[in-house]
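Trainee: First the structure, which I've put down as structure tokens, then a few questions once you've had a look.
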Amino acid sequence: MLQLAWLIPVLPLIGFLIIGLANKKLPKAVVGFVGCGSILGSFAIVLTLLTEVLNGTIQSETLTYFNWISAGSLDIKLSFLIDPLSVTMMTIITGVGFLIHLYSAGYMSHDEGFARYFAYLNLFVFSMLILVMGSNFLVLFAGWEGVGLCSYLLIGFWFKNNDYNNAAKKAFIMNRIGDLGFLLGMLLIIVTFGSLEYSAVFEQAQTIFKPGVAQPVLIAITLLLFLGATGKSAQIPLYTWLPDAMAGPTPVSALIHAATMVTAGIYMIVRSNVLFSLAPFTLEVIEIIGLTTALFAATIGLVQNDIKKVLAYSTVSQLGYMFFALGMGAYSTAIFHVATHAFFKALLFLGAGSVIHAMSGEQDIRSMGGLWKKLPITFATFIIGTVAIAGIPPFAGFFSKDEILAHAYEHSPILWALGVLGALMTTFYMFRLVFLTFFGSFRGTEHQKSHLHESPLIMTIPLMVLAVLSIIGGFVGVPEVLGGHNFLKSFLSPIIAPINQHTGHALSHSTELMLMGISVGAVLLVIIIAAIVYISKKAVPSPEGSDLSAPHKVLYNKYYIDEIYRTLVVKPLYWLGDIFYKVFEIRIIDNFVNAWGKGVDRGSAGLRFLQNGSISFYMFAMVIGIILILFFNTIIKL
Amino acid sequence: MQVLSNTVNNYLVLASILFAIGVMGVLVRRNIIIIFMSIELMLNAINLLLVAFSVFHNDASGQVFVFFIMAVAAAEVTVGLAILVMIYRNTGSVDINSLNKLKW
């Protein structure tokens, strides 16, 4: 099937072109069919590729299509790389992507921008596939920018709302900051290695640089690449765009801001793990930032009242866990968590979408409650997603999170304890969300109550499929201690740098079992606490504007990070822009340009009287002119 | 040669006088028909020069050229007079100063 690999990104592109060009001329049924069908087609090809990679027919194939950029000794080709890592990512993107497309066909059915929505969504899948399939950094970067654009377009999908537009701009601008780092990193790679092709760069890196020796160039490259990753994958300090990105339609949050795009940074670091492994300093930075983000975002998530905001901070926190794993050199573990997270977080977002759909657009969990009777399928699947993210065996999240925690314990028990603390907070805010939304009594308006309904089948089927995946998804990486052999790890091992291979589980099986027991026990305890607070005591978060205790207030306002950024960065920039506007623009540039205009105006005001309409005058002028020409001609000849 | 060059001088003087009369006619008169005739006069002054030099240099091409000019002038007169008729029909006058609308 390798000769069909080019079709994988091209099918969504064709879908985008058909829907985008025809837009409102196509009936919605056709739009939905083309939009979902193109992704399903790609998914089918990806599956055949996956089987071929699984049975070893394909190990690592580079498919070159044409020369993209040739300049001097630099030769950049448009080529795809098919190997275990890219196939894993492609499976997640097209598989989860298809389910979300299907769901969208139901969720967006009443929206007048239906066709535009599907066009953007197909374009996004195209860009994301380009990102993971590229065999060099430039193709990756092209996809990287493409997904950023689609993210911008979809966050601002309801462009009549100015807040949504601002959220879209915020996302785009914060991503640009990261992209600058990525771009500089790429340029530094060209300067150092003379190529952008993964195979060439990694091979050279392993021969030029020796592990254990400080390499300033490599540290610079990896730090710059990581800056790009913090932008795209919403890590401190560039994470604030992700919670705002919830302005987009909910399936978009599921696809772009939970399952796929935000994991691009993790994919990129895993892809260049050779470089990162040779720069231990960068890995330490990643580890610290990842863990900090995980804890930081989790604490904010504890007190949010918007159903999507809770999930958004949860996503930031889970992404932090992935970077935490990357920082410890556990690359395959990070990808494992990417996969399981894609399943359960997409499920949770789609479930939240189903709730919002039923609540006629209400997103505040203080106005919900008791929904499980009216939305049985949504409730059941949402519970599965919640249990999966909390990490209760045998659900998907347990295996991936446990693997991360085991690696953390290997490094230091303190890291492990912090990791468990984050997991407990995750459990708490997720069950708080579930209990407030689905249990207790309904707190919304009568109008909303009469409107409550389970979503149509086209929306619940993706929920059920994702729920099944959230249950069984973890079995691709069952650790040895539980009788598995961590299939995913051995599957991905060819793309992991050799110097990293030895970091197997140094923990004894009994320690590992004990760690699992402690974390699972603690999680169960937290669930019980949450149940007591939100079910038995029927606690409901206080309404807007009421007095909160100081720490609660700080958390509720997200540590005032947005305000701090506004004071430290945005306002000085506005101020600078104001100076440039008032001094350079108005005083200098405007005056200069206007002076030319005024000069011409004044001059012509005098000259125009020459054109007085009298033909006799014109003829007189002509004769005088001819005489003058002849006169000067004679003088020159003399 | 001396005789011939004297004769050419006479032709040159005559042609210059005719041309100058044409120029003055164009500049001074306001009747479009007269202006038109003055332009023709200038044209014919040039024709006269061409013929005179043709004989002086013993080269027939000058005279051939004159025939072409006359043919073109005939066509030009037709168009010019047609425009003139239209001007008269539209403005009711043949005064050149009635055509002074196209200005700043």
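Residue numbering restarts at 1 in every chain; chains get A, B, ... in the order shown in the structure tokens, and ligands count up from 1 in that same order.
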With a cut-off of 10 Å and counting only C-alpha atoms, select all residues of chain A in contact with chain B and give the selection as a PDB file with C-alpha atoms, in the first residue's frame.

Mentor:
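Once written, out.pdb looks like this:
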ATOM      1  CA  ALA A 605      -3.555  74.384  -8.966  1.00  0.00           C
ATOM      2  CA  LEU A 607      -0.800  74.922 -13.903  1.00  0.00           C
ATOM      3  CA  ARG A 608      -4.365  73.898 -14.552  1.00  0.00           C
ATOM      4  CA  PHE A 609      -5.250  77.394 -15.734  1.00  0.00           C
ATOM      5  CA  LEU A 610      -3.247  76.580 -18.842  1.00  0.00           C
ATOM      6  CA  GLN A 611      -6.007  74.169 -19.800  1.00  0.00           C
ATOM      7  CA  ASN A 612      -8.592  76.865 -20.413  1.00  0.00           C
ATOM      8  CA  GLY A 613     -10.604  75.219 -23.168  1.00  0.00           C
ATOM      9  CA  SER A 614      -9.709  77.781 -25.845  1.00  0.00           C
ATOM     10  CA  ILE A 615      -8.471  75.940 -28.925  1.00  0.00           C
ATOM     11  CA  SER A 616      -6.836  79.079 -30.272  1.00  0.00           C
ATOM     12  CA  PHE A 617      -4.725  79.272 -27.149  1.00  0.00           C
ATOM     13  CA  TYR A 618      -3.658  75.652 -27.517  1.00  0.00           C
ATOM     14  CA  MET A 619      -2.656  76.201 -31.104  1.00  0.00           C
ATOM     15  CA  PHE A 620      -0.753  79.304 -30.153  1.00  0.00           C
ATOM     16  CA  ALA A 621       1.074  77.349 -27.485  1.00  0.00           C
ATOM     17  CA  VAL A 623       3.345  77.102 -32.467  1.00  0.00           C
TER      18      VAL A 623
END

Trainee: Near Gln3 in chain A, counting only C-alpha atoms, which residues have an atom at most 12 Å away, once you skip same-chain residues fewer than 5 positions from it, shown as a list of chain:residue names?

Mentor: A:Ile8, A:Ile45, A:Thr48, A:Leu49, A:Glu61, A:Thr62, A:Leu63, A:Thr64, A:Tyr65, A:Phe80, A:Ile82

Trainee: Pick out each residue of range 508-627 of chain A that DSSP on the backbone tags as helix (DSSP H, G or I); I need them as an MDAnalysis selection string.

Mentor: chainID A and resid 509:536 550:556 558:610 615:627

Trainee: Near range 384-396 of chain A, counting only C-alpha atoms, which residues have an atom at most 7 Å away, once you skip same-chain residues fewer than 5 positions from it, shown as a PyMOL selection string?

Mentor: chain A and resi 340+344+347-348+401+423+426-427+430+467+470-474+520

Trainee: Quick one: write out the picked residues with N, CA and C atoms as a tab-separated table (two decimals), in the first residue's frame?

Mentor:
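Now in part.tsv:
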chain	number	residue	atom	x	y	z
A	340	THR	N	-3.71	7.29	24.46
A	340	THR	CA	-4.83	7.07	25.38
A	340	THR	C	-5.55	8.40	25.66
A	344	PHE	N	-9.60	9.25	25.50
A	344	PHE	CA	-10.52	9.65	26.56
A	344	PHE	C	-10.81	11.15	26.57
A	347	LEU	N	-13.30	11.80	23.90
A	347	LEU	CA	-14.58	11.31	24.43
A	347	LEU	C	-15.20	12.32	25.40
A	348	LEU	N	-14.37	12.85	26.31
A	348	LEU	CA	-14.89	13.79	27.30
A	348	LEU	C	-15.38	15.07	26.63
A	401	LYS	N	-0.55	6.47	32.41
A	401	LYS	CA	-0.16	7.33	33.53
A	401	LYS	C	0.76	6.56	34.48
A	423	ALA	N	-2.12	13.69	39.59
A	423	ALA	CA	-3.13	12.71	39.20
A	423	ALA	C	-4.34	12.79	40.13
A	426	THR	N	-6.35	15.75	39.22
A	426	THR	CA	-7.09	15.42	38.00
A	426	THR	C	-8.35	14.66	38.36
A	427	THR	N	-8.18	13.64	39.20
A	427	THR	CA	-9.32	12.83	39.60
A	427	THR	C	-10.38	13.68	40.26
A	430	MET	N	-12.19	16.09	37.82
A	430	MET	CA	-13.01	15.37	36.85
A	430	MET	C	-14.27	14.81	37.51
A	467	ALA	N	-15.63	5.38	23.82
A	467	ALA	CA	-15.69	4.79	25.16
A	467	ALA	C	-15.03	3.41	25.15
A	470	SER	N	-11.45	3.88	25.06
A	470	SER	CA	-10.92	4.34	26.35
A	470	SER	C	-10.80	3.18	27.33
A	471	ILE	N	-11.61	2.15	27.10
A	471	ILE	CA	-11.51	0.99	27.98
A	471	ILE	C	-10.35	0.10	27.58
A	472	ILE	N	-10.27	-0.19	26.26
A	472	ILE	CA	-9.28	-1.19	25.83
A	472	ILE	C	-8.00	-0.56	25.32
A	473	GLY	N	-7.99	0.78	25.13
A	473	GLY	CA	-6.83	1.42	24.51
A	473	GLY	C	-5.53	1.18	25.26
A	474	GLY	N	-5.61	0.96	26.56
A	474	GLY	CA	-4.40	0.81	27.34
A	474	GLY	C	-3.71	-0.52	27.14
A	520	VAL	N	-3.51	3.99	42.90
A	520	VAL	CA	-4.91	3.63	42.67
A	520	VAL	C	-5.72	3.83	43.94

Trainee: Within 6 Å of range 115-122 of chain A, counting only C-alpha atoms, which residues show up once you throw out same-chain ones fewer than 6 positions away? Write them as JSON, numbers by chain, please.

Mentor: {"A": [12, 16, 19, 20, 23, 35]}
